[in-house]
Amino acid sequence: MIQRDFYLDRLIRNMWNGEIKVITGIRRCGKSVLLFDLFYEYLLAQGVEDDHIIRLELDQRRYYKFRNPITLCEYVERIVTGSPEKFFLFVDEVQFTIKVKDEKNGGIEVTIYDMLNELKSYKNLDVYVTGSNSRMLLKDIATEFRGRATQIHVYPLSFAEFYSYIGGSKRDALDQYMLYGGMPRITALKNEEDKKSYLTNLYDELYVKDIVERNRIEREDVLNVILDYVASQVGSLTNPTNISNALTSMRNERINSSLVSAYLSHTMDAFLIEMAKRYDVKGKTYFNYPNKYYYTDIGLRNARLNYRQFDPGHIMENVVYNELVRRGYSVDVGVIIERKHAEKIQREIDFVVNSGDRRIYIQSAWQMDTGEKENSELQSLKLTGDFFKKIVIRMDIPHNFYDDNGFFHCNLINFLLDDVELF
């Protein structure tokens with residue numbers, strides 16, 4: 001069992017806080033294991049009786065009847081009502097629930113949120129749910145749950161979690177991680193072809209089908225082309241109009257930008273990709289477009305392209321982005337306007353990272369082996385005009401150091417293993 005202490009500790013800290021704990025994340029990233037194995041074993045070790053932990057896995061056939069929220073609520077109420085004992089409720093993949101009419105109360109429409117809010121009122125019940133759809137969960141935490149929910153977002157394995165399990169050479173582990181990513185099942189597969197087959201099947205048979213069925217997508221062919229394009233352009237600036245124009249040119253068929261925008265939203269709702277907005281560092285405003293898209297798991301991105309396009313610089317950038325957001329930071333793509341005579345040149349800072357009122361700037365550079373490359377990577381940092389910490393993450397240095405500009409250069413592996421103090 002891979003220990004996921006980063007998330008387990010958050011569950012433990014929020015026990016009996018009076019709120020519903022909502023565990024979100026892409027399917028197969030380890031949400032169910034976190035709740036039904038790791039947290040479950042923790043509770044047993046604390047003396048909680050097994051029959052005081054109510055577990056409902058809605059993607060399993062024997063629990064299908066509980067997709068009806070009234071049936072689920074009445075079942076739990078029969079267990080906890082009038083009991084002096086404390087109980088825990090685990091509901092897995094809550095997005096599978098349906099809306100029903102409550103015939104006992106005038107036929108009003110009832111959702112899982114109504115029932116969970118009702119169950120939350122029981123002082124002897126602590127409620128935990130998992131889900132794989134951001135539209136259903138993230139936006140509803142503040143509305144349907146009436147602001148009384150704690151969100152814990154789970155990502156695929158970080159490199160630190162991955163390495164703690166497989167051990168060995170750190171560089172060899174990083175090479176594997178950058179190729180196959182951090183989906184937990186990968187660690188149990190030893191054969192290279194098995195790993196590739198698993199990720200490809202996971203992408204096609206689970207994520208794509210799930211997106212198509214959940215959103216009733218009519219043009220699956222267009223969705224697949226969009227996914228191919230975003231995978232090939234990971235870490236590059238783009239927007240729905242650019243993608244629409246590129247697809248129109250490739251297919252000799254007009255692909256509407258609004259359709260592209262909708263399909264991109266569906267993939268983000270499924271937590272397959274994330275979007276980083278561009279931020280004007282000096283103007284302190286956000287650009288509407290273009291933005292950058294990153295894959296939640298780099299192995300899925302590589303599988304999507306059949307491992308044909310392996311650019312370590314862009315892959316590293318994606319891995320760094322994932323690590324930053326996993327740690328809970330707010331991450332944007334920075335833009336600096338450099339004025340040369342009458343010309344305005346847009347310079348890019350890979351990541352503007354905020355934690356509360358603190359900020360750092362990060363450049364991700366696989367290597368800086370020429371003066372031209374070094375100037376390209378560092379120039380934007382020199383133009384910020386402020387005193388926030390500036391970090392250059394790279395793979396071509398054996399140890400960390402500060403340069404003459406006061407910029408901190410650190411090795412990628414050190415960063416990923418959390419051996420570097422960012423703030």
# chains A, B, ... in the order shown; residues from 1 in each chain; ligands from 1
call {"tool": "closest_atom_pairs", "arguments": {"of": "stretch 179-248 of chain A", "to": "stretch 7-28 of chain A", "cutoff": "12 Å", "atoms": "only C-alpha atoms", "output": "CSV"}}
result
residue,atom,partner,partner_atom,distance
A:Gly182,CA,A:Arg28,CA,10.5
A:Met183,CA,A:Arg28,CA,7.0
A:Pro184,CA,A:Arg28,CA,7.6
A:Arg185,CA,A:Arg28,CA,8.2
A:Ile186,CA,A:Arg28,CA,10.8
A:Tyr198,CA,A:Arg28,CA,11.5
A:Leu199,CA,A:Arg28,CA,10.8
A:Leu202,CA,A:Arg28,CA,8.7
A:Tyr203,CA,A:Arg27,CA,10.3
A:Glu205,CA,A:Arg27,CA,11.9
A:Leu206,CA,A:Arg27,CA,8.3
A:Tyr207,CA,A:Arg27,CA,7.8
A:Val208,CA,A:Arg27,CA,11.6
A:Asp210,CA,A:Arg27,CA,9.8
A:Ile211,CA,A:Arg27,CA,11.5
call {"tool": "write_last_selection", "arguments": {"atoms": "N, CA and C atoms", "output": "mmCIF file, in the first residue's frame"}}
result
data_model
loop_
_atom_site.group_PDB
_atom_site.id
_atom_site.type_symbol
_atom_site.label_atom_id
_atom_site.label_comp_id
_atom_site.auth_asym_id
_atom_site.auth_seq_id
_atom_site.Cartn_x
_atom_site.Cartn_y
_atom_site.Cartn_z
ATOM 1 N N GLY A 182 2.218 9.282 -12.595
ATOM 2 C CA GLY A 182 2.017 8.863 -11.211
ATOM 3 C C GLY A 182 0.688 8.204 -10.916
ATOM 4 N N MET A 183 0.011 7.614 -11.919
ATOM 5 C CA MET A 183 -1.198 6.857 -11.591
ATOM 6 C C MET A 183 -0.764 5.671 -10.725
ATOM 7 N N PRO A 184 -1.381 5.478 -9.559
ATOM 8 C CA PRO A 184 -0.881 4.495 -8.591
ATOM 9 C C PRO A 184 -0.683 3.083 -9.150
ATOM 10 N N ARG A 185 -1.539 2.649 -10.056
ATOM 11 C CA ARG A 185 -1.452 1.288 -10.589
ATOM 12 C C ARG A 185 -0.129 1.043 -11.314
ATOM 13 N N ILE A 186 0.471 2.095 -11.838
ATOM 14 C CA ILE A 186 1.731 1.974 -12.581
ATOM 15 C C ILE A 186 2.821 1.333 -11.729
ATOM 16 N N TYR A 198 -1.735 -0.104 -20.047
ATOM 17 C CA TYR A 198 -2.625 0.323 -18.968
ATOM 18 C C TYR A 198 -3.038 1.780 -19.136
ATOM 19 N N LEU A 199 -2.067 2.652 -19.385
ATOM 20 C CA LEU A 199 -2.369 4.074 -19.507
ATOM 21 C C LEU A 199 -3.227 4.360 -20.734
ATOM 22 N N LEU A 202 -6.706 3.108 -19.995
ATOM 23 C CA LEU A 202 -7.313 3.983 -18.995
ATOM 24 C C LEU A 202 -7.836 5.252 -19.655
ATOM 25 N N TYR A 203 -7.041 5.812 -20.533
ATOM 26 C CA TYR A 203 -7.426 7.036 -21.227
ATOM 27 C C TYR A 203 -8.651 6.815 -22.104
ATOM 28 N N GLU A 205 -10.696 3.954 -22.522
ATOM 29 C CA GLU A 205 -11.844 3.192 -22.042
ATOM 30 C C GLU A 205 -12.510 3.791 -20.808
ATOM 31 N N LEU A 206 -11.802 4.652 -20.094
ATOM 32 C CA LEU A 206 -12.394 5.246 -18.892
ATOM 33 C C LEU A 206 -12.651 6.740 -19.069
ATOM 34 N N TYR A 207 -11.593 7.516 -19.308
ATOM 35 C CA TYR A 207 -11.749 8.965 -19.320
ATOM 36 C C TYR A 207 -12.546 9.461 -20.520
ATOM 37 N N VAL A 208 -12.167 9.032 -21.722
ATOM 38 C CA VAL A 208 -12.880 9.522 -22.907
ATOM 39 C C VAL A 208 -14.326 9.062 -22.884
ATOM 40 N N ASP A 210 -16.104 8.221 -20.352
ATOM 41 C CA ASP A 210 -16.785 8.886 -19.249
ATOM 42 C C ASP A 210 -17.196 10.301 -19.642
ATOM 43 N N ILE A 211 -16.283 11.034 -20.287
ATOM 44 C CA ILE A 211 -16.582 12.396 -20.728
ATOM 45 C C ILE A 211 -17.697 12.391 -21.762
#
call {"tool": "select_by_dssp", "arguments": {"residues": "stretch 111-202 of chain A", "states": "helix (DSSP H, G or I)", "output": "PyMOL selection string"}}
result
chain A and resi 112-120+134-141+159-166+170-180+184-188+192-202
call {"tool": "residues_around", "arguments": {"residues": "A:Leu174", "least_positions_apart": "3", "cutoff": "12 Å", "atoms": "only C-alpha atoms", "output": "PyMOL selection string"}}
result
chain A and resi 158-164+166-171+177-182+312+315-316+319+395+412-417
call {"tool": "closest_residue", "arguments": {"among": "A:Ile70, A:Val281, A:Leu125, A:Val234", "to": "A:Asn105", "atoms": "only C-alpha atoms"}}
result
A:Ile70
call {"tool": "atom_distance", "arguments": {"atom1": "atom CA of A:Ala270", "atom2": "atom CA of A:Val91"}}
result
18.5 Å
call {"tool": "closest_residue", "arguments": {"among": "A:Ile98, A:Val222, A:Val212, A:Leu44", "to": "A:Arg67", "atoms": "only C-alpha atoms"}}
result
A:Ile98
call {"tool": "residues_around", "arguments": {"residues": "A:Met1", "least_positions_apart": "2", "cutoff": "9 Å", "atoms": "only C-alpha atoms", "output": "JSON, numbers by chain"}}
result
{"A": [3, 33, 37, 38, 165]}
call {"tool": "residues_around", "arguments": {"residues": "A:Asn354", "least_positions_apart": "6", "cutoff": "7 Å", "atoms": "only C-alpha atoms", "output": "list in words"}}
result
Tyr329, Ser330, Val331 and Ile360 of chain A
call {"tool": "atom_distance", "arguments": {"atom1": "atom CA of A:Ile349", "atom2": "atom CA of A:Glu377"}}
result
8.3 Å
